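S.K.: One structure follows; several queries about it will come next.
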Amino acid sequence: MKISIKLLVSLILVLSLLTVTATTFFAETIFTSGDFSYTLMNDNYISLYDWEGGSDTLTIPNSLDYYYVREIRNRCFINRNDFTSLDLEKANYLNRIGLNAFKGSALSGELSVPAQIKTVASGAFENCDSIEVLYYNAMAPVVSSQCFYDCDSLREVYLTDGVTTIENHAFSSCDSLTIFRIPDTVTSISSVAFEDCPNLVIYCYTDSAAHQFAESNGIEYVLIDAPEPTEPVTEPTEAPTEPVTETPEPTEAVTEQPTEAVRLLLGDADGDGMVDVTDATVIQRVLNYIDVSSYNENAADVNRSGDVEIIDATYIMRYSALLTVPYPIGEWI
């Protein structure tokens with residue numbers, strides 16, 4: 001009987017130790033800095049835990065208490081309605097947006113996911129009913145499952161080069177979605193990625209995975225790289241009968257004309273000689289005070305308002321998707 005009691009006591013002690021160890025292992029220390037709270041990931045990086053600000057715009061900071069913001073944790077801002085705009089551009093070390101991070105939030109208008117982000121987890125922006133335009137500039141190769149599921153007001157989506165995969169229901173039940181630009185880096189699209197998107201038009205490149213996907217699924221599409229039709233050249237029916245007299249070269253010295261001012265293409269914000277989505281990205285980065293290697297403010301001011309604004313980037317995106325814009329983008333100024 002004494003042996004049984006010792007065994008029972010030993011078993012209780014072991015269970016107690018296991019319970020304490022598990023509690024200690026799963027415990028998190030939450031720190032507060034201003035309106036934000038966070039948890040430590042390591043000696044350099046932190047994970048955002050919560051925000052108690054009162055602004056309409058949630059601006060994710062680059063650092064808190066000398067730690068760099070590395071991720072927005074899972075379900076961090078789920079069902080929040082106290083902000084309508086999200087600014088991610090200043091968080092230069094932000095690498096990951098977690099599972100259901102902004103699900104059901106009141107985000108509205110335009111949303112830009114910047115280049116430094118490499119992971120946007122499943123359902124990150126699911127049920128964000130008021131987002132209208134998405135600029136997905138992230139280096140995240142995968143648009144995760146249900147990432148933008150049931151975003152009822154989403155009309156336009158512009159994916160930049162680097163995206164390779166669009167997973168299950170990533171954009172399903174987006175009833176208002178009409179414009180979707182898919183780069184030729186995308187090689188895999190789920191058969192239900194765009195389920196219940198009745199008005200969808202895909203803008204894609206010839207023979208790309210997106211082109212084949214659109215044809216296979218009966219989705220309307222526009223080829224971005226389709227050549228513009230050219231008028232046939234009509235050759236003269238008769239050769240000229242009079243001989244061509246050569247003009248003698250002038251004997252006097254020719255005075256050199258003054259050098260013309262450098263001409264620019266309207267919309268060519270990065271000065272590379274062409275207008276594409278990269279120019280829109282450059283404008284977005286400049287507006288968010290992020291240094292760029294080359295930038296021309298005059299070319300970037302698409303609507304000639306005197307100031308470069310986010311609407312200029314929007315016009316360039318629409319031009320790149322072969323949509324009609326009210327300004328002569330791509331023409332010399």
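We label chains A, B, ... in the order they appear in the structure tokens, count residues from 1 in each chain, and number ligands from 1 in the order shown.
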Name the residues in contact with Asp301 in chain A at a cut-off of 10 Å, using only C-alpha atoms, excluding same-chain residues fewer than 3 positions from it; report them as a list in words.
M.R.: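 The contact residues come out as Leu266, Gly267, Asp268, Ala269, Ile283, Asn296, Glu297, Asn298, Arg304, Ser305, Gly306, Asp307, Val308, Glu309, Ile310, Ile311, Asp312 and Ala313 of chain A.
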S.K.: Give the alpha helix (DSSP H) residues of range 92-222 of chain A, as DSSP finds them on the backbone, and put them as a PDB file with N, CA and C atoms, in the first residue's frame.
M.R.:
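In the end it all went to states.pdb:
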ATOM      1  N   ALA A 209       0.381  31.791 -68.714  1.00  0.00           N
ATOM      2  CA  ALA A 209      -0.526  30.918 -67.968  1.00  0.00           C
ATOM      3  C   ALA A 209      -1.880  31.593 -67.777  1.00  0.00           C
ATOM      4  N   ALA A 210      -1.870  32.899 -67.570  1.00  0.00           N
ATOM      5  CA  ALA A 210      -3.129  33.630 -67.393  1.00  0.00           C
ATOM      6  C   ALA A 210      -3.955  33.637 -68.679  1.00  0.00           C
ATOM      7  N   HIS A 211      -3.275  33.756 -69.817  1.00  0.00           N
ATOM      8  CA  HIS A 211      -3.949  33.708 -71.119  1.00  0.00           C
ATOM      9  C   HIS A 211      -4.615  32.342 -71.309  1.00  0.00           C
ATOM     10  N   GLN A 212      -3.882  31.287 -71.032  1.00  0.00           N
ATOM     11  CA  GLN A 212      -4.425  29.937 -71.173  1.00  0.00           C
ATOM     12  C   GLN A 212      -5.549  29.681 -70.170  1.00  0.00           C
ATOM     13  N   PHE A 213      -5.396  30.207 -68.964  1.00  0.00           N
ATOM     14  CA  PHE A 213      -6.428  30.041 -67.941  1.00  0.00           C
ATOM     15  C   PHE A 213      -7.728  30.725 -68.380  1.00  0.00           C
ATOM     16  N   ALA A 214      -7.617  31.933 -68.899  1.00  0.00           N
ATOM     17  CA  ALA A 214      -8.801  32.672 -69.328  1.00  0.00           C
ATOM     18  C   ALA A 214      -9.528  31.934 -70.451  1.00  0.00           C
ATOM     19  N   GLU A 215      -8.770  31.442 -71.417  1.00  0.00           N
ATOM     20  CA  GLU A 215      -9.389  30.720 -72.534  1.00  0.00           C
ATOM     21  C   GLU A 215     -10.035  29.420 -72.061  1.00  0.00           C
ATOM     22  N   SER A 216      -9.359  28.703 -71.179  1.00  0.00           N
ATOM     23  CA  SER A 216      -9.880  27.410 -70.703  1.00  0.00           C
ATOM     24  C   SER A 216     -11.145  27.565 -69.871  1.00  0.00           C
TER      25      SER A 216
END
S.K.: Using only C-alpha atoms, determine which residues lie at most 6 Å from range 122-137 of chain A, disregarding the query and same-chain residues fewer than 2 positions distant; provide the list as a ChimeraX atom specification.
M.R.: /A:99-105,107-115,144-160
S.K.: Quick one: of A:Asp270, A:Asn81, A:Asp225, A:Ser294, who's nearest to Gly53 in chain A, counting only C-alpha atoms?
M.R.: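 Nearest candidate to Gly53 in chain A out of A:Asp270, A:Asn81, A:Asp225, A:Ser294: A:Asn81.
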S.K.: Enumerate the residues of range 35-271 of chain A with a DSSP assignment of strand (DSSP E or B), computed from the backbone, and present them as a ChimeraX atom specification.
M.R.: /A:36-40,45-51,57-59,63-64,67-72,85-87,96-97,108-113,119-120,130-136,142-143,156-159,165-166,179-181,188-189,201-204,220-223,265
S.K.: Rounded to one decimal place, report the CA of Ile189 in chain A-CA of Asp276 in chain A distance in Å.
M.R.: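 One can read the CA of Ile189 in chain A to CA of Asp276 in chain A distance as 23.4 Å.
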S.K.: Under the rule that only C-alpha atoms are counted, which of A:Tyr68, A:Leu322, A:Glu167, A:Val302 is the nearest residue to Val201 in chain A?
M.R.: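 The closest residue to Val201 in chain A is A:Leu322.
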S.K.: Quick one, how far is CA of Glu195 in chain A from CA of Gly218 in chain A?
M.R.: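 Answer for the CA of Glu195 in chain A to CA of Gly218 in chain A separation: 12.2 Å.
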S.K.: Please, what distance in Å, to one decimal, runs between CA of Leu64 in chain A and CA of Trp51 in chain A?
M.R.: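 Atom-to-atom, CA of Leu64 in chain A to CA of Trp51 in chain A, that is 12.4 Å.
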S.K.: Which one is closest to Leu287 in chain A: A:Pro328, A:Ile182, A:Ala121, A:Asp87? Count only C-alpha atoms.
M.R.: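 Of all the options, A:Asp87 lies closest to Leu287 in chain A.
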S.K.: If you count only C-alpha atoms, which residues fall within 9 Å of Ile333 in chain A, apart from same-chain ones fewer than 5 positions away, as a list in words?
M.R.: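 Here the answer would be Arg263, Leu264, Leu265, Leu266 and Ala299 of chain A.
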S.K.: For each of A:Ser63, A:Asp50, A:Phe171, A:Asn95, take the minimum atom-to-atom distance to Ile78 in chain A, counting only C-alpha atoms, then give the residue where this is smallest.
M.R.: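 Of A:Ser63, A:Asp50, A:Phe171, A:Asn95, the one nearest Ile78 in chain A is A:Asp50, counting only C-alpha atoms.
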S.K.: Quick one: residues within 8 Å of Pro61 in chain A, only C-alpha atoms, excluding same-chain residues fewer than 2 positions away - as a PyMOL selection string?
M.R.: chain A and resi 59+63-64+69+88+90-91
